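Single-structure report; data block below.
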Amino acid sequence: MASDFAHDLVALLPRLRRFARALAGAPDRADDLVQSACERALRARDTFQPGTRLDAWMFRILRNVWIDAARRSGARGGEHAGLDEVAEQAGWDGRDVTETRLMLAKTREAIAALPPESREVVVLVCVEELSYREAAEVLEVPVGTVMSRLSRARVKLAKALGQVQDEDVP
Amino acid sequence: MSGRSVSDEALTAYADGELDAAEAARVREAVAADPALARRLAALREAREAARAAYAEVAREPVPAALIATVLAADGAAPPRRAANTNVRRTAAIAASVALVVGGMLGALLAPSPTRMAHPLDPLGPATPMLARALDAAASGQEVAFMGGMIRLLATYPTAQGPCRSFAVESATPVTALACREGDVWRTRIAVARPVTAGGFTPAAGEDPLLRELLDRISAGAPLDAETERRTIERGWR
């Protein structure tokens with residue numbers, strides 16, 4: 001029988017997969033990260049403090065796994081489905097959602113193009129909806145660092161999405 | 001950057017609700033007095049919403065069975081801190097978040113290949129031809145050969161999205177599963193393995209509580225009676 005801890009991890013898998021996908025891009029690579037992070041977490045379960053947030057603890061482990069994997073392979077870049085592929089999927093889906101899908105794909109590409117330090121803070125705050133303090137704990141940096149990285153990343157993202165007019169951009 | 005009365009950092013933190021009351025009031029006033037600042041704040045808000053939306057659907061995808069199986073298998077390899085104690089809330093959370101639960105040694109049993117997508121009960125792909133034939137043609141109560149063992153069809157449930165069928169895979173680790181027909185293909189929505197414990201507890205061949213939970217969530221109707229089911233099979237599930 002699986003332990004409560006493992007059941008809690010399984011219940012978190014959808015969010016861990018999302019976090020990994022946003023960090024690393026390609027689905028198979030992201031799932032490899034999730035799997036390694038879960039295995040690492042199960043080995044280290046005694047260091048988890050009951051009553052604290054398991055999701056934040058898992059994000060920290062997953063991020064470390066990502067950094068370790070990148071160190072081995074030499075890159076922390078995101079790999080994302082190109083726009084053509086997304087358009088194909090939309091057609092396959094048979095629904096008229098191409099425009100929305102293209103916008104989503106454009107956003108994913110813009111996030112993947114961010115430097116890793118910017119991408120991880122955007123993903124923690126905007127995608128996973130952690131507070132600045134929680135994100136700072138996951139990343140093990142001061143809250144001020146989260147604020148400055150996040151605001152630079154958000155401006156970049158807004159520019160990439162055409163939401164910031166040129167005259168507004170510094 | 002020159003001349004702007006509120007920094008991007010302060011605007012971003014304001015958009016995220018991270019400023020204290022006094023700072024937030026200062027930003028609010030400045031934004032109200034400056035249309036360019038208001039546009040910039042809107043853009044920062046939209047960037048956040050775009051990022052959230054861009055990955056929202058990933059968290060709704062069914063989790064690959066192989067991933068769940070690996071986590072549960074890794075759990076068995078590590079000593080548990082406390083005894084297993086499944087409660088209803090947790091059960092519901094798991095049923096809502098996963099499409100397939102494979103426990104104990106089942107991963108190795110049903111997925112001898114290291115290829116993830118090759119799992120015959122994988123929720124991401126359509127049912128394998130062998131499983132699809134059984135789901136298409138066998139009446140509930142009937143047994144069909146499957147992967148060196150047997151599948152017993154249990155029941156057929158109507159849902160708004162189409163019919164779903166529960167079935168049991170008989171093997172050393174009994175599995176109960178639910179597959180639903182989407183268009184012309186059957187997809188396994190959930191498969192639950194209940195390893196037979198040393199204590200000799202063998203679950204009844206009926207419905208697993210996790211299947212029940214899923215059936216409730218997709219508002220499945222009462223199981224079809226034998227005659228209705230037979231006609232549905234003859235019509236080719238139209």
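Each chain in the structure tokens gets a letter, A, B and so on, in the order shown; residues start at 1 in every chain, and ligands are counted from 1 in the order they appear.
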Residues of chain A within 8 Å of chain B, using only C-alpha atoms, as a compact mmCIF listing (two decimals) with all heavy atoms, in the first residue's frame?
```
# COMPACT_ATOMS: atom_id res chain seq x y z
N MET A 1 0.84 -1.20 0.00
CA MET A 1 0.00 0.00 0.00
C MET A 1 0.87 1.25 0.00
O MET A 1 1.87 1.32 0.70
CB MET A 1 -0.88 0.02 1.26
CG MET A 1 -1.95 -1.04 1.27
SD MET A 1 -3.22 -0.71 0.04
CE MET A 1 -4.32 0.31 1.02
N ALA A 2 0.47 2.19 -0.78
CA ALA A 2 1.24 3.44 -0.86
C ALA A 2 0.97 4.29 0.40
O ALA A 2 -0.10 4.22 0.99
CB ALA A 2 0.84 4.21 -2.10
N SER A 3 1.96 5.07 0.79
CA SER A 3 1.83 5.91 1.98
C SER A 3 1.01 7.16 1.68
O SER A 3 0.79 7.52 0.52
CB SER A 3 3.22 6.32 2.45
OG SER A 3 3.83 7.11 1.44
N ASP A 4 0.57 7.83 2.74
CA ASP A 4 -0.13 9.12 2.59
C ASP A 4 0.73 10.10 1.81
O ASP A 4 0.24 10.85 0.99
CB ASP A 4 -0.38 9.74 3.98
CG ASP A 4 -1.62 9.14 4.62
OD1 ASP A 4 -2.19 8.21 4.03
OD2 ASP A 4 -1.99 9.61 5.71
N ALA A 6 2.97 9.54 -0.45
CA ALA A 6 2.97 9.25 -1.89
C ALA A 6 1.63 9.66 -2.51
O ALA A 6 1.59 10.19 -3.62
CB ALA A 6 3.24 7.78 -2.14
N HIS A 7 0.54 9.44 -1.78
CA HIS A 7 -0.76 9.86 -2.29
C HIS A 7 -0.81 11.38 -2.45
O HIS A 7 -1.36 11.89 -3.43
CB HIS A 7 -1.89 9.39 -1.37
CG HIS A 7 -2.23 7.95 -1.55
ND1 HIS A 7 -2.65 7.44 -2.76
CD2 HIS A 7 -2.18 6.91 -0.70
CE1 HIS A 7 -2.86 6.14 -2.63
NE2 HIS A 7 -2.57 5.79 -1.39
N ASP A 8 -0.24 12.09 -1.49
CA ASP A 8 -0.21 13.55 -1.60
C ASP A 8 0.61 13.99 -2.82
O ASP A 8 0.24 14.93 -3.51
CB ASP A 8 0.38 14.18 -0.32
CG ASP A 8 -0.57 14.05 0.87
OD1 ASP A 8 -1.76 13.78 0.63
OD2 ASP A 8 -0.12 14.20 2.02
N LEU A 9 1.70 13.27 -3.06
CA LEU A 9 2.52 13.58 -4.24
C LEU A 9 1.73 13.33 -5.52
O LEU A 9 1.75 14.14 -6.44
CB LEU A 9 3.78 12.71 -4.28
CG LEU A 9 4.99 13.12 -3.44
CD1 LEU A 9 6.18 12.26 -3.83
CD2 LEU A 9 5.31 14.58 -3.64
N VAL A 10 1.03 12.21 -5.56
CA VAL A 10 0.25 11.87 -6.75
C VAL A 10 -0.81 12.95 -7.01
O VAL A 10 -1.03 13.37 -8.13
CB VAL A 10 -0.39 10.47 -6.63
CG1 VAL A 10 -1.43 10.24 -7.73
CG2 VAL A 10 0.69 9.40 -6.70
N ALA A 11 -1.43 13.43 -5.91
CA ALA A 11 -2.45 14.47 -6.06
C ALA A 11 -1.83 15.77 -6.59
O ALA A 11 -2.51 16.57 -7.22
CB ALA A 11 -3.16 14.72 -4.73
N LEU A 13 0.64 15.86 -8.77
CA LEU A 13 1.28 15.64 -10.08
C LEU A 13 0.79 16.60 -11.18
O LEU A 13 1.62 17.10 -11.95
CB LEU A 13 1.12 14.19 -10.54
CG LEU A 13 2.05 13.18 -9.84
CD1 LEU A 13 1.72 11.76 -10.30
CD2 LEU A 13 3.51 13.49 -10.12
N PRO A 14 -0.52 16.89 -11.26
CA PRO A 14 -0.93 17.82 -12.32
C PRO A 14 -0.20 19.16 -12.22
O PRO A 14 0.24 19.72 -13.23
CB PRO A 14 -2.43 17.97 -12.09
CG PRO A 14 -2.83 16.69 -11.44
CD PRO A 14 -1.67 16.31 -10.54
N ARG A 15 -0.04 19.68 -11.00
CA ARG A 15 0.63 20.98 -10.86
C ARG A 15 2.14 20.85 -11.06
O ARG A 15 2.77 21.76 -11.60
CB ARG A 15 0.33 21.58 -9.49
CG ARG A 15 -1.10 22.08 -9.38
CD ARG A 15 -1.33 22.79 -8.08
NE ARG A 15 -0.48 23.97 -7.95
CZ ARG A 15 -0.09 24.46 -6.77
NH1 ARG A 15 -0.46 23.88 -5.65
NH2 ARG A 15 0.66 25.53 -6.72
N ARG A 17 3.56 18.80 -13.05
CA ARG A 17 3.76 18.69 -14.50
C ARG A 17 3.65 20.05 -15.15
O ARG A 17 4.40 20.38 -16.07
CB ARG A 17 2.73 17.72 -15.11
CG ARG A 17 2.89 16.30 -14.64
CD ARG A 17 1.89 15.39 -15.29
NE ARG A 17 2.24 15.12 -16.68
CZ ARG A 17 1.43 15.24 -17.69
NH1 ARG A 17 0.18 15.64 -17.50
NH2 ARG A 17 1.82 14.97 -18.91
N ARG A 18 2.70 20.86 -14.68
CA ARG A 18 2.57 22.20 -15.24
C ARG A 18 3.82 23.03 -14.96
O ARG A 18 4.36 23.70 -15.84
CB ARG A 18 1.33 22.89 -14.65
CG ARG A 18 1.18 24.34 -15.10
CD ARG A 18 -0.12 24.94 -14.63
NE ARG A 18 -0.16 25.03 -13.17
CZ ARG A 18 -1.23 25.41 -12.48
NH1 ARG A 18 -2.34 25.72 -13.12
NH2 ARG A 18 -1.20 25.48 -11.18
N ARG A 21 6.64 21.81 -17.09
CA ARG A 21 6.43 22.13 -18.50
C ARG A 21 6.78 23.59 -18.75
O ARG A 21 7.40 23.94 -19.75
CB ARG A 21 4.97 21.85 -18.88
CG ARG A 21 4.68 21.86 -20.36
CD ARG A 21 4.97 20.52 -21.01
NE ARG A 21 4.08 19.50 -20.51
CZ ARG A 21 2.90 19.21 -21.06
NH1 ARG A 21 2.46 19.86 -22.10
NH2 ARG A 21 2.16 18.25 -20.55
N ALA A 22 6.36 24.45 -17.80
CA ALA A 22 6.63 25.88 -17.97
C ALA A 22 8.13 26.17 -17.83
O ALA A 22 8.66 27.05 -18.49
CB ALA A 22 5.83 26.68 -16.96
N ASP A 31 8.20 15.66 -17.88
CA ASP A 31 7.76 14.52 -17.06
C ASP A 31 8.96 13.79 -16.45
O ASP A 31 8.87 13.26 -15.34
CB ASP A 31 6.89 13.57 -17.87
CG ASP A 31 5.43 14.03 -17.89
OD1 ASP A 31 5.09 14.96 -17.14
OD2 ASP A 31 4.63 13.44 -18.65
N GLN A 35 9.32 13.11 -12.51
CA GLN A 35 9.61 11.78 -11.96
C GLN A 35 10.83 11.83 -11.05
O GLN A 35 10.81 11.32 -9.93
CB GLN A 35 9.81 10.80 -13.11
CG GLN A 35 10.09 9.38 -12.62
CD GLN A 35 10.30 8.42 -13.77
OE1 GLN A 35 9.65 8.53 -14.80
NE2 GLN A 35 11.21 7.48 -13.59
N CYS A 38 10.02 13.55 -7.78
CA CYS A 38 9.22 12.72 -6.86
C CYS A 38 10.09 11.66 -6.20
O CYS A 38 9.96 11.41 -4.99
CB CYS A 38 8.06 12.07 -7.61
SG CYS A 38 6.76 13.24 -8.05
N GLU A 39 10.97 11.06 -6.98
CA GLU A 39 11.84 10.05 -6.40
C GLU A 39 12.75 10.68 -5.35
O GLU A 39 12.94 10.12 -4.26
CB GLU A 39 12.67 9.38 -7.51
CG GLU A 39 11.82 8.42 -8.35
CD GLU A 39 12.49 7.99 -9.67
OE1 GLU A 39 13.55 8.54 -10.02
OE2 GLU A 39 11.93 7.11 -10.34
N LEU A 42 10.68 11.42 -2.23
CA LEU A 42 10.34 10.24 -1.43
C LEU A 42 11.54 9.79 -0.60
O LEU A 42 11.39 9.36 0.54
CB LEU A 42 9.86 9.10 -2.34
CG LEU A 42 8.43 9.29 -2.87
CD1 LEU A 42 8.16 8.39 -4.06
CD2 LEU A 42 7.41 9.04 -1.77
N ARG A 43 12.73 9.94 -1.18
CA ARG A 43 13.93 9.59 -0.40
C ARG A 43 14.15 10.57 0.74
O ARG A 43 14.67 10.20 1.79
CB ARG A 43 15.17 9.57 -1.32
CG ARG A 43 15.25 8.35 -2.22
CD ARG A 43 16.66 8.19 -2.80
NE ARG A 43 17.06 9.33 -3.60
CZ ARG A 43 16.81 9.46 -4.91
NH1 ARG A 43 16.14 8.52 -5.55
NH2 ARG A 43 17.21 10.53 -5.57
N ASP A 46 11.62 12.59 5.10
CA ASP A 46 11.75 12.92 6.52
C ASP A 46 12.20 14.36 6.75
O ASP A 46 12.10 14.86 7.86
CB ASP A 46 12.70 11.93 7.21
CG ASP A 46 12.04 10.56 7.36
OD1 ASP A 46 10.80 10.51 7.39
OD2 ASP A 46 12.78 9.56 7.40
N LEU A 104 -1.84 31.49 -26.91
CA LEU A 104 -1.25 30.70 -25.82
C LEU A 104 0.15 30.24 -26.22
O LEU A 104 1.09 30.28 -25.42
CB LEU A 104 -2.13 29.48 -25.49
CG LEU A 104 -3.52 29.78 -24.95
CD1 LEU A 104 -4.27 28.47 -24.67
CD2 LEU A 104 -3.46 30.61 -23.68
N ALA A 105 0.29 29.80 -27.48
CA ALA A 105 1.59 29.33 -27.95
C ALA A 105 2.60 30.46 -27.97
O ALA A 105 3.77 30.29 -27.61
CB ALA A 105 1.44 28.72 -29.35
N THR A 107 2.59 33.03 -26.03
CA THR A 107 2.97 33.30 -24.65
C THR A 107 3.98 32.27 -24.16
O THR A 107 4.98 32.60 -23.51
CB THR A 107 1.73 33.28 -23.74
OG1 THR A 107 0.74 34.12 -24.29
CG2 THR A 107 2.08 33.75 -22.33
N ARG A 108 3.74 31.00 -24.49
CA ARG A 108 4.68 29.95 -24.06
C ARG A 108 6.05 30.18 -24.67
O ARG A 108 7.07 30.00 -24.00
CB ARG A 108 4.15 28.56 -24.43
CG ARG A 108 2.98 28.12 -23.55
CD ARG A 108 2.69 26.63 -23.69
NE ARG A 108 2.11 26.30 -24.98
CZ ARG A 108 0.80 26.22 -25.21
NH1 ARG A 108 -0.06 26.44 -24.23
NH2 ARG A 108 0.35 25.90 -26.40
N ILE A 111 7.72 33.00 -22.79
CA ILE A 111 8.20 32.56 -21.47
C ILE A 111 9.46 31.71 -21.64
O ILE A 111 10.43 31.86 -20.90
CB ILE A 111 7.09 31.78 -20.72
CG1 ILE A 111 5.95 32.74 -20.35
CG2 ILE A 111 7.65 31.10 -19.47
CD1 ILE A 111 4.75 32.06 -19.74
N VAL A 122 8.62 34.06 -12.92
CA VAL A 122 7.33 34.26 -13.59
C VAL A 122 6.43 33.04 -13.40
O VAL A 122 5.24 33.15 -13.10
CB VAL A 122 7.53 34.52 -15.12
CG1 VAL A 122 6.23 34.33 -15.88
CG2 VAL A 122 8.07 35.92 -15.34
N VAL A 123 7.03 31.85 -13.55
CA VAL A 123 6.24 30.64 -13.44
C VAL A 123 5.71 30.46 -12.01
O VAL A 123 4.54 30.14 -11.80
CB VAL A 123 7.07 29.41 -13.89
CG1 VAL A 123 6.32 28.12 -13.61
CG2 VAL A 123 7.40 29.52 -15.38
N CYS A 126 3.18 33.82 -11.48
CA CYS A 126 2.05 34.02 -12.40
C CYS A 126 1.33 32.72 -12.74
O CYS A 126 0.12 32.71 -12.90
CB CYS A 126 2.52 34.70 -13.69
SG CYS A 126 3.35 36.27 -13.39
N VAL A 127 2.07 31.63 -12.89
CA VAL A 127 1.44 30.36 -13.26
C VAL A 127 1.00 29.60 -12.01
O VAL A 127 -0.14 29.15 -11.90
CB VAL A 127 2.39 29.50 -14.13
CG1 VAL A 127 1.74 28.16 -14.44
CG2 VAL A 127 2.76 30.23 -15.40
N GLU A 128 1.91 29.46 -11.05
CA GLU A 128 1.58 28.69 -9.85
C GLU A 128 0.98 29.55 -8.74
O GLU A 128 0.55 29.04 -7.71
CB GLU A 128 2.82 27.95 -9.34
CG GLU A 128 3.35 26.89 -10.33
CD GLU A 128 2.31 25.82 -10.68
OE1 GLU A 128 1.38 25.60 -9.87
OE2 GLU A 128 2.42 25.24 -11.77
N SER A 131 2.92 33.56 -3.52
CA SER A 131 3.21 34.94 -3.12
C SER A 131 4.70 35.19 -3.33
O SER A 131 5.48 34.25 -3.52
CB SER A 131 2.85 35.14 -1.65
OG SER A 131 3.76 34.42 -0.84
N TYR A 132 5.09 36.47 -3.29
CA TYR A 132 6.51 36.80 -3.46
C TYR A 132 7.35 36.10 -2.38
O TYR A 132 8.44 35.62 -2.66
CB TYR A 132 6.72 38.32 -3.37
CG TYR A 132 6.21 39.11 -4.57
CD1 TYR A 132 5.46 38.51 -5.57
CD2 TYR A 132 6.48 40.47 -4.68
CE1 TYR A 132 4.99 39.25 -6.66
CE2 TYR A 132 6.03 41.21 -5.77
CZ TYR A 132 5.27 40.60 -6.74
OH TYR A 132 4.81 41.33 -7.82
N MET A 147 11.16 40.52 -6.53
CA MET A 147 10.46 41.69 -7.07
C MET A 147 11.16 42.24 -8.31
O MET A 147 10.52 42.53 -9.32
CB MET A 147 10.37 42.80 -6.01
CG MET A 147 9.40 42.49 -4.91
SD MET A 147 9.32 43.82 -3.69
CE MET A 147 8.22 44.95 -4.53
N SER A 148 12.48 42.38 -8.23
CA SER A 148 13.17 43.00 -9.37
C SER A 148 13.18 42.06 -10.58
O SER A 148 12.92 42.48 -11.70
CB SER A 148 14.58 43.43 -8.97
OG SER A 148 15.29 42.35 -8.45
N LEU A 150 11.06 39.68 -11.25
CA LEU A 150 9.70 39.51 -11.75
C LEU A 150 9.28 40.73 -12.57
O LEU A 150 8.67 40.57 -13.64
CB LEU A 150 8.74 39.28 -10.58
CG LEU A 150 7.28 39.06 -10.98
CD1 LEU A 150 7.14 37.78 -11.80
CD2 LEU A 150 6.40 38.99 -9.75
N SER A 151 9.60 41.92 -12.11
CA SER A 151 9.11 43.08 -12.85
C SER A 151 9.83 43.20 -14.19
O SER A 151 9.20 43.52 -15.20
CB SER A 151 9.21 44.34 -11.99
OG SER A 151 10.35 45.08 -12.28
N ARG A 152 11.13 42.90 -14.22
CA ARG A 152 11.84 42.91 -15.51
C ARG A 152 11.24 41.88 -16.47
O ARG A 152 11.02 42.15 -17.65
CB ARG A 152 13.33 42.62 -15.31
CG ARG A 152 14.15 43.84 -14.94
CD ARG A 152 15.64 43.59 -15.17
NE ARG A 152 16.16 42.44 -14.45
CZ ARG A 152 16.59 42.46 -13.18
NH1 ARG A 152 16.55 43.60 -12.50
NH2 ARG A 152 17.05 41.38 -12.60
N ARG A 154 8.24 40.61 -16.43
CA ARG A 154 6.87 40.96 -16.83
C ARG A 154 6.88 42.01 -17.94
O ARG A 154 6.06 41.95 -18.86
CB ARG A 154 6.08 41.48 -15.63
CG ARG A 154 5.65 40.38 -14.69
CD ARG A 154 4.30 39.82 -15.05
NE ARG A 154 3.22 40.56 -14.44
CZ ARG A 154 2.89 40.49 -13.16
NH1 ARG A 154 3.54 39.70 -12.35
NH2 ARG A 154 1.89 41.18 -12.69
N VAL A 155 7.80 42.97 -17.85
CA VAL A 155 7.89 43.98 -18.90
C VAL A 155 8.28 43.31 -20.22
O VAL A 155 7.70 43.57 -21.27
CB VAL A 155 8.89 45.09 -18.52
CG1 VAL A 155 9.14 46.02 -19.70
CG2 VAL A 155 8.36 45.89 -17.33
N LEU A 157 7.81 40.23 -21.08
CA LEU A 157 6.69 39.41 -21.54
C LEU A 157 5.63 40.29 -22.19
O LEU A 157 5.12 39.98 -23.27
CB LEU A 157 6.12 38.67 -20.32
CG LEU A 157 5.35 37.39 -20.54
CD1 LEU A 157 6.15 36.42 -21.37
CD2 LEU A 157 5.04 36.76 -19.16
N ALA A 158 5.33 41.41 -21.55
CA ALA A 158 4.32 42.33 -22.08
C ALA A 158 4.75 42.85 -23.46
O ALA A 158 3.93 42.99 -24.37
CB ALA A 158 4.09 43.48 -21.11
N LEU A 161 4.33 40.19 -26.10
CA LEU A 161 2.93 39.96 -26.42
C LEU A 161 2.28 41.18 -27.04
O LEU A 161 1.08 41.21 -27.29
CB LEU A 161 2.17 39.54 -25.16
CG LEU A 161 2.68 38.24 -24.52
CD1 LEU A 161 1.96 37.96 -23.23
CD2 LEU A 161 2.54 37.07 -25.49
N GLN A 163 1.74 44.03 -25.67
CA GLN A 163 0.82 44.74 -24.78
C GLN A 163 1.40 46.08 -24.33
O GLN A 163 0.71 46.88 -23.72
CB GLN A 163 0.52 43.88 -23.54
CG GLN A 163 -0.38 42.70 -23.88
CD GLN A 163 -0.32 41.64 -22.82
OE1 GLN A 163 0.65 41.52 -22.09
NE2 GLN A 163 -1.36 40.84 -22.73
N VAL A 164 2.69 46.28 -24.57
CA VAL A 164 3.30 47.55 -24.19
C VAL A 164 3.61 48.32 -25.47
O VAL A 164 4.25 47.79 -26.37
CB VAL A 164 4.58 47.31 -23.37
CG1 VAL A 164 5.32 48.62 -23.15
CG2 VAL A 164 4.24 46.67 -22.04
N ASP A 168 6.08 53.55 -24.60
CA ASP A 168 6.06 53.31 -23.16
C ASP A 168 7.29 52.54 -22.69
O ASP A 168 7.57 52.46 -21.51
CB ASP A 168 4.82 52.49 -22.77
CG ASP A 168 3.56 53.31 -22.89
OD1 ASP A 168 3.68 54.56 -22.97
OD2 ASP A 168 2.47 52.73 -22.90
N VAL A 169 7.95 51.91 -23.64
CA VAL A 169 9.02 50.99 -23.25
C VAL A 169 10.32 51.75 -23.02
O VAL A 169 10.73 52.52 -23.88
CB VAL A 169 9.23 49.94 -24.35
CG1 VAL A 169 10.35 48.98 -23.95
CG2 VAL A 169 7.95 49.18 -24.59
N PRO A 170 10.91 51.54 -21.90
CA PRO A 170 12.19 52.20 -21.65
C PRO A 170 13.29 51.64 -22.53
O PRO A 170 13.27 50.47 -22.85
CB PRO A 170 12.49 51.89 -20.18
CG PRO A 170 11.67 50.70 -19.85
CD PRO A 170 10.47 50.73 -20.75
```
Helix (DSSP H, G or I) per DSSP on the backbone: members of chain A, as number ranges by chain = A: 4-24, 27-43, 45-47, 54-73, 83-93, 98-113, 116-127, 132-139, 143-160, 166-168
Could the residues in this selection be written to a file with C-alpha atoms, as a short mmCIF file (atom, residue, chain, number, x, y, z; two decimals), in the first residue's frame?
```cif
data_model
loop_
_atom_site.label_atom_id
_atom_site.label_comp_id
_atom_site.auth_asym_id
_atom_site.auth_seq_id
_atom_site.Cartn_x
_atom_site.Cartn_y
_atom_site.Cartn_z
CA ASP A 4 -0.13 9.12 2.59
CA PHE A 5 2.93 11.00 1.49
CA ALA A 6 2.97 9.25 -1.89
CA HIS A 7 -0.76 9.86 -2.29
CA ASP A 8 -0.21 13.55 -1.60
CA LEU A 9 2.52 13.58 -4.24
CA VAL A 10 0.25 11.87 -6.75
CA ALA A 11 -2.45 14.47 -6.06
CA LEU A 12 0.14 17.19 -6.78
CA LEU A 13 1.28 15.64 -10.08
CA PRO A 14 -0.93 17.82 -12.32
CA ARG A 15 0.63 20.98 -10.86
CA LEU A 16 4.14 19.56 -10.82
CA ARG A 17 3.76 18.69 -14.50
CA ARG A 18 2.57 22.20 -15.24
CA PHE A 19 5.46 23.73 -13.32
CA ALA A 20 7.98 21.49 -15.08
CA ARG A 21 6.43 22.13 -18.50
CA ALA A 22 6.63 25.88 -17.97
CA LEU A 23 10.25 25.61 -16.82
CA ALA A 24 11.55 23.09 -19.31
CA PRO A 27 6.48 17.43 -22.32
CA ASP A 28 8.64 14.28 -22.17
CA ARG A 29 11.53 16.21 -20.68
CA ALA A 30 9.18 17.87 -18.18
CA ASP A 31 7.76 14.52 -17.06
CA ASP A 32 11.29 13.19 -16.58
CA LEU A 33 11.93 16.13 -14.25
CA VAL A 34 8.72 15.44 -12.34
CA GLN A 35 9.61 11.78 -11.96
CA SER A 36 13.12 12.53 -10.70
CA ALA A 37 11.77 15.17 -8.32
CA CYS A 38 9.22 12.72 -6.86
CA GLU A 39 11.84 10.05 -6.40
CA ARG A 40 14.12 12.56 -4.71
CA ALA A 41 11.24 13.76 -2.51
CA LEU A 42 10.34 10.24 -1.43
CA ARG A 43 13.93 9.59 -0.40
CA ARG A 45 10.50 12.74 2.93
CA ASP A 46 11.75 12.92 6.52
CA THR A 47 13.09 16.41 5.87
CA LEU A 54 4.14 20.47 0.17
CA ASP A 55 3.69 22.20 -3.20
CA ALA A 56 6.35 24.82 -2.44
CA TRP A 57 8.68 22.12 -1.11
CA MET A 58 8.18 20.09 -4.28
CA PHE A 59 8.72 23.13 -6.51
CA ARG A 60 12.07 23.67 -4.79
CA ILE A 61 13.09 20.05 -5.36
CA LEU A 62 11.88 20.08 -8.95
CA ARG A 63 13.77 23.29 -9.68
CA ASN A 64 16.94 21.76 -8.24
CA VAL A 65 16.46 18.69 -10.42
CA TRP A 66 16.02 20.98 -13.41
CA ILE A 67 19.20 22.90 -12.59
CA ASP A 68 21.15 19.65 -12.11
CA ALA A 69 19.87 18.26 -15.40
CA ALA A 70 20.72 21.51 -17.17
CA ARG A 71 24.20 21.47 -15.70
CA ARG A 72 24.73 18.05 -17.23
CA SER A 73 23.26 18.93 -20.60
CA LEU A 83 3.38 27.72 -33.93
CA ASP A 84 2.93 25.37 -36.90
CA GLU A 85 2.56 22.41 -34.63
CA VAL A 86 0.00 24.21 -32.52
CA ALA A 87 -2.01 25.20 -35.57
CA GLU A 88 -2.01 21.56 -36.62
CA GLN A 89 -3.24 20.48 -33.20
CA ALA A 90 -6.01 23.05 -33.37
CA GLY A 91 -7.11 21.60 -36.69
CA TRP A 92 -6.93 18.09 -35.34
CA ASP A 93 -9.03 19.20 -32.43
CA THR A 98 -6.96 28.56 -33.42
CA GLU A 99 -6.60 32.19 -32.45
CA THR A 100 -6.66 31.48 -28.74
CA ARG A 101 -4.24 28.61 -29.24
CA LEU A 102 -1.87 30.79 -31.20
CA MET A 103 -1.96 33.37 -28.42
CA LEU A 104 -1.25 30.70 -25.82
CA ALA A 105 1.59 29.33 -27.95
CA LYS A 106 3.02 32.80 -28.42
CA THR A 107 2.97 33.30 -24.65
CA ARG A 108 4.68 29.95 -24.06
CA GLU A 109 7.36 30.89 -26.56
CA ALA A 110 7.86 34.25 -24.87
CA ILE A 111 8.20 32.56 -21.47
CA ALA A 112 10.62 29.98 -22.90
CA ALA A 113 12.71 32.82 -24.34
CA PRO A 116 16.06 30.96 -16.63
CA GLU A 117 16.21 33.28 -13.58
CA SER A 118 13.33 35.32 -14.99
CA ARG A 119 11.35 32.35 -16.22
CA GLU A 120 11.32 30.55 -12.90
CA VAL A 121 10.03 33.56 -10.99
CA VAL A 122 7.33 34.26 -13.59
CA VAL A 123 6.24 30.64 -13.44
CA LEU A 124 6.11 30.53 -9.64
CA VAL A 125 4.18 33.78 -9.26
CA CYS A 126 2.05 34.02 -12.40
CA VAL A 127 1.44 30.36 -13.26
CA TYR A 132 6.51 36.80 -3.46
CA ARG A 133 7.58 35.49 -0.07
CA GLU A 134 6.77 31.89 -1.03
CA ALA A 135 8.56 32.28 -4.34
CA ALA A 136 11.58 33.72 -2.52
CA GLU A 137 11.66 30.65 -0.29
CA VAL A 138 11.47 28.26 -3.22
CA LEU A 139 14.26 30.11 -5.02
CA VAL A 143 12.04 38.93 -1.61
CA GLY A 144 13.60 42.04 -3.16
CA THR A 145 15.31 39.83 -5.74
CA VAL A 146 11.98 38.22 -6.61
CA MET A 147 10.46 41.69 -7.07
CA SER A 148 13.17 43.00 -9.37
CA ARG A 149 13.46 39.82 -11.48
CA LEU A 150 9.70 39.51 -11.75
CA SER A 151 9.11 43.08 -12.85
CA ARG A 152 11.84 42.91 -15.51
CA ALA A 153 10.41 39.62 -16.76
CA ARG A 154 6.87 40.96 -16.83
CA VAL A 155 7.89 43.98 -18.90
CA LYS A 156 9.69 41.69 -21.35
CA LEU A 157 6.69 39.41 -21.54
CA ALA A 158 4.32 42.33 -22.08
CA LYS A 159 6.57 43.58 -24.91
CA ALA A 160 6.70 40.16 -26.53
CA ASP A 166 6.82 51.26 -27.99
CA GLU A 167 6.78 54.77 -26.60
CA ASP A 168 6.06 53.31 -23.16
#
```
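The list of residues with at least one atom within 9 Å of Gln161 in chain B, based on only C-alpha atoms and without residues fewer than 5 positions apart in the same chain, reads Cys180, Arg181, Glu182 and Ile218 of chain B.
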Nearest to Cys164 in chain B by atom-to-atom distance, counting only C-alpha atoms, from B:Asp136, B:Glu234, B:Glu227, B:Glu143 | B:Asp136
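Proximity of B:Arg217, B:Ala22, B:Thr228, B:Ala168 to Val144 in chain B, computed with only C-alpha atoms, is greatest for B:Ala168.
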